[in-house]
Amino acid sequence: MNKVEAQAEFLRILMARVRADRHPSATHMAMIEEALPPQLIPAYVEILFEKVAQDANPSIPMLRRISRLVGAAG
């Protein structure tokens, strides 16, 4: 496995974890965001949108995280 493949697998595992967890780890999300290439930002933001949509009272840090990512993507 080369570096690119390893990074892709790392991101796949963490993004699956964030998607599955009701309240994802801020540390996991920070690690994703440190390694996330620009082309994967939309897929990651979609996962975060799912989290916000499932929560009657989404956390302010989650909303800020999405806002920052959407701003970075545009």
# chains A, B, ... in the order shown; residues from 1 in each chain; ligands from 1
>>> residues_around(residues="region 55-71 of chain A", least_positions_apart="5", cutoff="9 Å", atoms="only C-alpha atoms", output="PyMOL selection string")
chain A and resi 22+26+33+41-42+45+48-50
>>> select_by_dssp(residues="chain A", states="helix (DSSP H, G or I)", output="compact mmCIF listing (two decimals) with C-alpha atoms, in the first residue's frame")
# COMPACT_ATOMS: atom_id res chain seq x y z
CA LYS A 3 1.03 6.67 0.83
CA VAL A 4 -1.95 7.81 -1.26
CA GLU A 5 -3.74 4.49 -0.77
CA ALA A 6 -3.03 4.56 2.96
CA GLN A 7 -4.38 8.09 3.28
CA ALA A 8 -7.52 7.14 1.32
CA GLU A 9 -8.10 4.13 3.59
CA PHE A 10 -7.50 6.24 6.71
CA LEU A 11 -10.10 8.76 5.53
CA ARG A 12 -12.56 6.05 4.52
CA ILE A 13 -12.39 4.46 7.98
CA LEU A 14 -12.75 7.73 9.86
CA MET A 15 -15.54 9.04 7.62
CA ALA A 16 -17.45 5.76 8.11
CA ARG A 17 -16.98 6.12 11.86
CA VAL A 18 -18.27 9.70 11.83
CA ARG A 19 -21.27 8.63 9.72
CA ALA A 20 -22.11 5.76 12.12
CA ALA A 26 -14.39 16.02 17.49
CA THR A 27 -10.91 14.51 17.37
CA HIS A 28 -11.89 12.17 14.53
CA MET A 29 -13.45 15.05 12.62
CA ALA A 30 -10.35 17.20 13.13
CA MET A 31 -8.15 14.37 11.89
CA ILE A 32 -10.32 14.00 8.79
CA GLU A 33 -10.17 17.72 8.10
CA GLU A 34 -6.38 17.76 8.40
CA ALA A 35 -6.03 15.01 5.77
CA PRO A 38 -10.42 19.35 -1.58
CA GLN A 39 -12.24 16.90 -3.86
CA LEU A 40 -13.59 14.97 -0.82
CA ILE A 41 -14.94 18.03 1.02
CA PRO A 42 -18.44 17.69 -0.53
CA ALA A 43 -18.73 14.03 0.53
CA TYR A 44 -17.59 14.86 4.06
CA VAL A 45 -19.94 17.85 4.33
CA GLU A 46 -22.78 15.57 3.24
CA ILE A 47 -22.01 13.29 6.20
CA LEU A 48 -22.07 16.29 8.54
CA PHE A 49 -25.37 17.48 7.02
CA GLU A 50 -26.80 14.03 7.85
CA LYS A 51 -25.69 14.48 11.46
CA VAL A 52 -27.34 17.91 11.71
CA ALA A 53 -30.55 16.69 10.07
CA GLN A 54 -30.83 13.79 12.55
CA ILE A 60 -23.02 24.92 17.56
CA PRO A 61 -19.52 23.45 17.00
CA MET A 62 -20.94 21.08 14.34
CA LEU A 63 -22.74 23.94 12.59
CA ARG A 64 -19.57 26.06 12.69
CA ARG A 65 -17.56 23.13 11.32
CA ILE A 66 -19.95 22.83 8.37
CA SER A 67 -19.90 26.58 7.78
CA ARG A 68 -16.10 26.62 7.75
CA LEU A 69 -15.93 23.68 5.34
CA VAL A 70 -18.55 25.10 2.98
CA GLY A 71 -16.69 28.40 2.98
CA ALA A 72 -13.42 26.59 2.21
CA ALA A 73 -15.01 24.57 -0.60
